[in-house]
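Read through the structure below, which is laid out as structure tokens, and then see the notes.
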Amino acid sequence: MRFVLQGLKPGITFAVMTLALMCLQRVSFAQGRLFVPDFRLGAGLDTQLVISNNNDQDASVDLSAFLKTGELLGQEQLRVKAHGIRSLTLHEVFGSHSSETTGWLAVVSHADGIQMSYSLLGDRTEYHEAEAWPKRELALDIQQERKQVIRLSNTSSLGNTVSLRGKDETGRFLGLQELHIGPFQQLELPIEALRDSPDHIDVIATSDILATVGENTSGARTRVAEELADDGTLGLVIDSDGPVGAYQVLLRFDPTIVRFSQDDILGGSAAGFDSRPLAVTMDNASGQLRIASFQIGNEPQGSVDVAHIRVRLLRPSTLQFGITVEEITDLQGHSQIDSTAGVKLVRLN
């Protein structure tokens with residue numbers, strides 16, 4: 001299997017941050033295992049790591065970074081002197097990238113006493129402590145007033161099935177959602193796309209999972225569309241620098257405000273996607289609409305209008321769509337999720 005790491009040792013540790021952040025509280029764990037759930041690299045962004053060694057002997061750590069799709073961005077073995085500190089950026093380790101690259105990373109060491117923190121560098125600098133051991137079961141608290149996203153990273157070379165159980169502030173059960181995450185892949189779910197706006201989420205996985213709640217920084221992967229206050233037609237548009245060969249997008253909506261039929265999903269205006277999408281599945285009870293299609297013989301790029309969606313509101317209200325991009329490929333079938341500028345819904349009339 002192409003995602004299996006070669007030469008990784010059982011322990012894992014994660015790193016980050018700059019020397020100026022030494023005043024922040026650090027996290028130390030036996031067996032030296034830590035994680036960064038959301039790194040950024042390229043297009044003016046970078047992630048800075050600071051690793052400290054509290055041992056009396058020099059220690060080596062293995063740094064492994066994975067893209068959201070599960071592909072290995074790269075590996076590097078670092079040496080940290082006894083009672084020393086090692087500061088570095090991902091740009092220094094993996095080189096420059098013209099487009100934004102995101103994913104998760106891990107640091108592994110045989111030594112105890114390895115500590116880590118990290119900073120995300122860009123338009124503004126964000127400082128964080130490294131995450132500890134992944135678990136099969138954990139609880140997440142949601143802050144409804146912020147634009148947040150749930151990040152689920154599968155730290156295993158095997159597929160992982162994850163159940164999300166939403167609860168309100170009193171602990172009342174709201175709903176269950178089941179997801180499958182491939183080897184070393186990362187999945188993002190915007191809070192706005194979850195039903196009933198849960199205050200707490202219980203995460204239960206078949207194997208260890210790294211689950212965090214953070215700011216939604218991935219405009220291409222998940223977002224919330226503009227509000228719609230009356231009937232009309234929306235265009236599903238993919239912004240891409242290269243030709244689009246196929247796509248699969250999941251739309252979430254409030255089923256008390258709108259319901260769809262198969263006749264409401266039409267082809268777009270882009271070459272190759274101007275006929276009705278090849279796969280349309282909808283669940284009006286749970287508020288989910290999945291649209292997928294592919295084309296050959298054309299090279300649509302730029303703002304690619306791939307589908308039209310007719311909206312008829314059941315009652316006067318404001319409707320939002322949660323968008324999760326499940327796949328976008330080029331003409332050769334290669335995934336373009338991380339390099340695609342964005343996916344959006346545009347009001348046509």
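So you can find residues: chains in the structure tokens are A, B, ... in the order shown, residues in each start at 1, and ligands are numbered from 1 in order.
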
Checklist entry - Near A:Val93, within 12 Å and counting only C-alpha atoms, which residues show up once chain neighbours fewer than 5 positions away are dropped, as a ChimeraX atom specification? => result /A:41,46-49,63-65,73-78,87-88

Any chance you can output those residues with N, CA and C atoms as a PDB file, in the first residue's frame?
```pdb
ATOM      1  N   LEU A  41       1.679  25.371   4.241  1.00  0.00           N
ATOM      2  CA  LEU A  41       2.951  25.556   3.551  1.00  0.00           C
ATOM      3  C   LEU A  41       2.690  26.067   2.144  1.00  0.00           C
ATOM      4  N   ASP A  46       3.432  29.326   6.110  1.00  0.00           N
ATOM      5  CA  ASP A  46       4.444  28.382   6.587  1.00  0.00           C
ATOM      6  C   ASP A  46       4.067  27.942   7.993  1.00  0.00           C
ATOM      7  N   THR A  47       4.673  26.870   8.444  1.00  0.00           N
ATOM      8  CA  THR A  47       4.485  26.368   9.810  1.00  0.00           C
ATOM      9  C   THR A  47       5.849  26.228  10.454  1.00  0.00           C
ATOM     10  N   GLN A  48       5.998  26.830  11.624  1.00  0.00           N
ATOM     11  CA  GLN A  48       7.275  26.802  12.337  1.00  0.00           C
ATOM     12  C   GLN A  48       7.181  25.868  13.535  1.00  0.00           C
ATOM     13  N   LEU A  49       8.145  24.999  13.665  1.00  0.00           N
ATOM     14  CA  LEU A  49       8.186  24.001  14.720  1.00  0.00           C
ATOM     15  C   LEU A  49       9.331  24.296  15.679  1.00  0.00           C
ATOM     16  N   LEU A  63      10.278  13.245  11.505  1.00  0.00           N
ATOM     17  CA  LEU A  63       9.190  14.121  11.114  1.00  0.00           C
ATOM     18  C   LEU A  63       8.553  13.597   9.836  1.00  0.00           C
ATOM     19  N   SER A  64       7.223  13.384   9.860  1.00  0.00           N
ATOM     20  CA  SER A  64       6.480  12.908   8.689  1.00  0.00           C
ATOM     21  C   SER A  64       5.283  13.811   8.467  1.00  0.00           C
ATOM     22  N   ALA A  65       5.140  14.330   7.247  1.00  0.00           N
ATOM     23  CA  ALA A  65       4.039  15.228   6.911  1.00  0.00           C
ATOM     24  C   ALA A  65       3.170  14.605   5.826  1.00  0.00           C
ATOM     25  N   LEU A  73       3.845  13.922   2.074  1.00  0.00           N
ATOM     26  CA  LEU A  73       4.551  15.090   1.563  1.00  0.00           C
ATOM     27  C   LEU A  73       6.055  14.894   1.672  1.00  0.00           C
ATOM     28  N   GLY A  74       6.511  14.306   2.799  1.00  0.00           N
ATOM     29  CA  GLY A  74       7.932  14.056   2.973  1.00  0.00           C
ATOM     30  C   GLY A  74       8.265  13.622   4.385  1.00  0.00           C
ATOM     31  N   GLN A  75       9.481  13.110   4.565  1.00  0.00           N
ATOM     32  CA  GLN A  75       9.985  12.684   5.866  1.00  0.00           C
ATOM     33  C   GLN A  75      11.371  13.266   6.079  1.00  0.00           C
ATOM     34  N   GLU A  76      11.691  13.512   7.331  1.00  0.00           N
ATOM     35  CA  GLU A  76      13.005  14.035   7.672  1.00  0.00           C
ATOM     36  C   GLU A  76      13.359  13.571   9.080  1.00  0.00           C
ATOM     37  N   GLN A  77      14.607  13.141   9.276  1.00  0.00           N
ATOM     38  CA  GLN A  77      15.078  12.787  10.619  1.00  0.00           C
ATOM     39  C   GLN A  77      15.920  13.931  11.159  1.00  0.00           C
ATOM     40  N   LEU A  78      15.592  14.369  12.364  1.00  0.00           N
ATOM     41  CA  LEU A  78      16.251  15.513  12.985  1.00  0.00           C
ATOM     42  C   LEU A  78      16.975  15.085  14.235  1.00  0.00           C
ATOM     43  N   SER A  87      14.698  24.573  16.280  1.00  0.00           N
ATOM     44  CA  SER A  87      13.652  25.377  15.663  1.00  0.00           C
ATOM     45  C   SER A  87      13.801  25.304  14.143  1.00  0.00           C
ATOM     46  N   LEU A  88      12.702  25.088  13.433  1.00  0.00           N
ATOM     47  CA  LEU A  88      12.740  24.988  11.978  1.00  0.00           C
ATOM     48  C   LEU A  88      11.369  25.258  11.402  1.00  0.00           C
TER      49      LEU A  88
END
```

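Residues with any atom within 6 Å of A:Tyr247, counting only C-alpha atoms and excluding same-chain neighbours fewer than 2 positions away, are Ala292, Ser293, Glu327 and Ile328 of chain A.
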
So that I have them on file, write out the residues from the current selection with N, CA and C atoms, as a compact mmCIF listing (two decimals), in the first residue's frame.
```txt
# COMPACT_ATOMS: atom_id res chain seq x y z
N ALA A 292 -22.25 14.35 -8.54
CA ALA A 292 -20.97 13.92 -9.10
C ALA A 292 -21.10 13.73 -10.60
N SER A 293 -20.00 14.00 -11.32
CA SER A 293 -20.01 13.78 -12.76
C SER A 293 -18.58 13.81 -13.27
N GLU A 327 -14.21 15.19 -3.96
CA GLU A 327 -13.17 14.89 -4.95
C GLU A 327 -13.27 15.84 -6.13
N ILE A 328 -12.13 16.24 -6.64
CA ILE A 328 -11.99 16.95 -7.91
C ILE A 328 -10.76 16.37 -8.58
```

Item to check | Nearest to A:Asp230, chosen from A:Ala59, A:Ile51, A:Val311, A:Leu251, with only C-alpha atoms counted in the distances | outcome: A:Val311

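Atom pair atom CA of A:Glu299 / atom CA of A:Met282: separated by 28.5 Å.
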
Checklist entry - Near A:Thr161, counting only C-alpha atoms, which residues have an atom at most 9 Å away, once you skip same-chain residues fewer than 5 positions from it, shown as a PyMOL selection string? => result chain A and resi 178-182+204-207

Next, write the just-selected residues to a file, as a PDB file, in the first residue's frame, keeping C-alpha atoms as the atom set.
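Full text of part-v6.pdb as output:
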```
ATOM      1  CA  GLU A 178     -20.839   8.073  10.097  1.00  0.00           C
ATOM      2  CA  LEU A 179     -17.765   8.784   7.970  1.00  0.00           C
ATOM      3  CA  HIS A 180     -15.017   6.719   6.364  1.00  0.00           C
ATOM      4  CA  ILE A 181     -11.471   8.102   6.243  1.00  0.00           C
ATOM      5  CA  GLY A 182      -8.793   6.431   4.118  1.00  0.00           C
ATOM      6  CA  ILE A 204     -16.034   7.156  18.174  1.00  0.00           C
ATOM      7  CA  ALA A 205     -13.648   5.488  15.698  1.00  0.00           C
ATOM      8  CA  THR A 206     -12.678   1.923  14.829  1.00  0.00           C
ATOM      9  CA  SER A 207      -8.989   2.847  15.296  1.00  0.00           C
TER      10      SER A 207
END
```

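Distances from A:Thr170, A:Ser156, A:Gln248, A:Thr101 to A:Phe184 were compared using only C-alpha atoms, and the smallest one belongs to A:Ser156.
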
Checklist entry - Looking only at the backbone, which of the residues in stretch 129-260 of chain A does DSSP tag as strand (DSSP E or B), as number ranges by chain? => result A: 129, 131, 135-141, 148-154, 160-167, 173-181, 186-190, 200-215, 222-224, 228, 232-240, 246-252, 258

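When atom CA of A:Thr102 is paired with atom CA of A:Gly322, their separation reads 20.7 Å.
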
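Take atom CA of A:Ala285 and atom CA of A:Ile191: the distance between them is 19.1 Å.
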
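Distances here use only C-alpha atoms; by that measure, the residue among A:Ser317, A:Gln185, A:Asn284, A:Ser269 closest to A:Val304 is A:Ser269.
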
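Residues lying within 7 Å of A:Gln186, counting only C-alpha atoms and ignoring same-chain neighbours fewer than 3 positions away, are Lys68, Thr69, Gly70, Gly103, Arg151, Leu152, Ser153 and Asn154 of chain A.
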
Checklist entry - Leaving out A:Phe260 and any residue of its chain fewer than 2 positions from it, which residues lie within 10 Å of it when counting only C-alpha atoms, given as a ChimeraX atom specification? => result /A:255,258,262-265,282-284,287-289,309-313
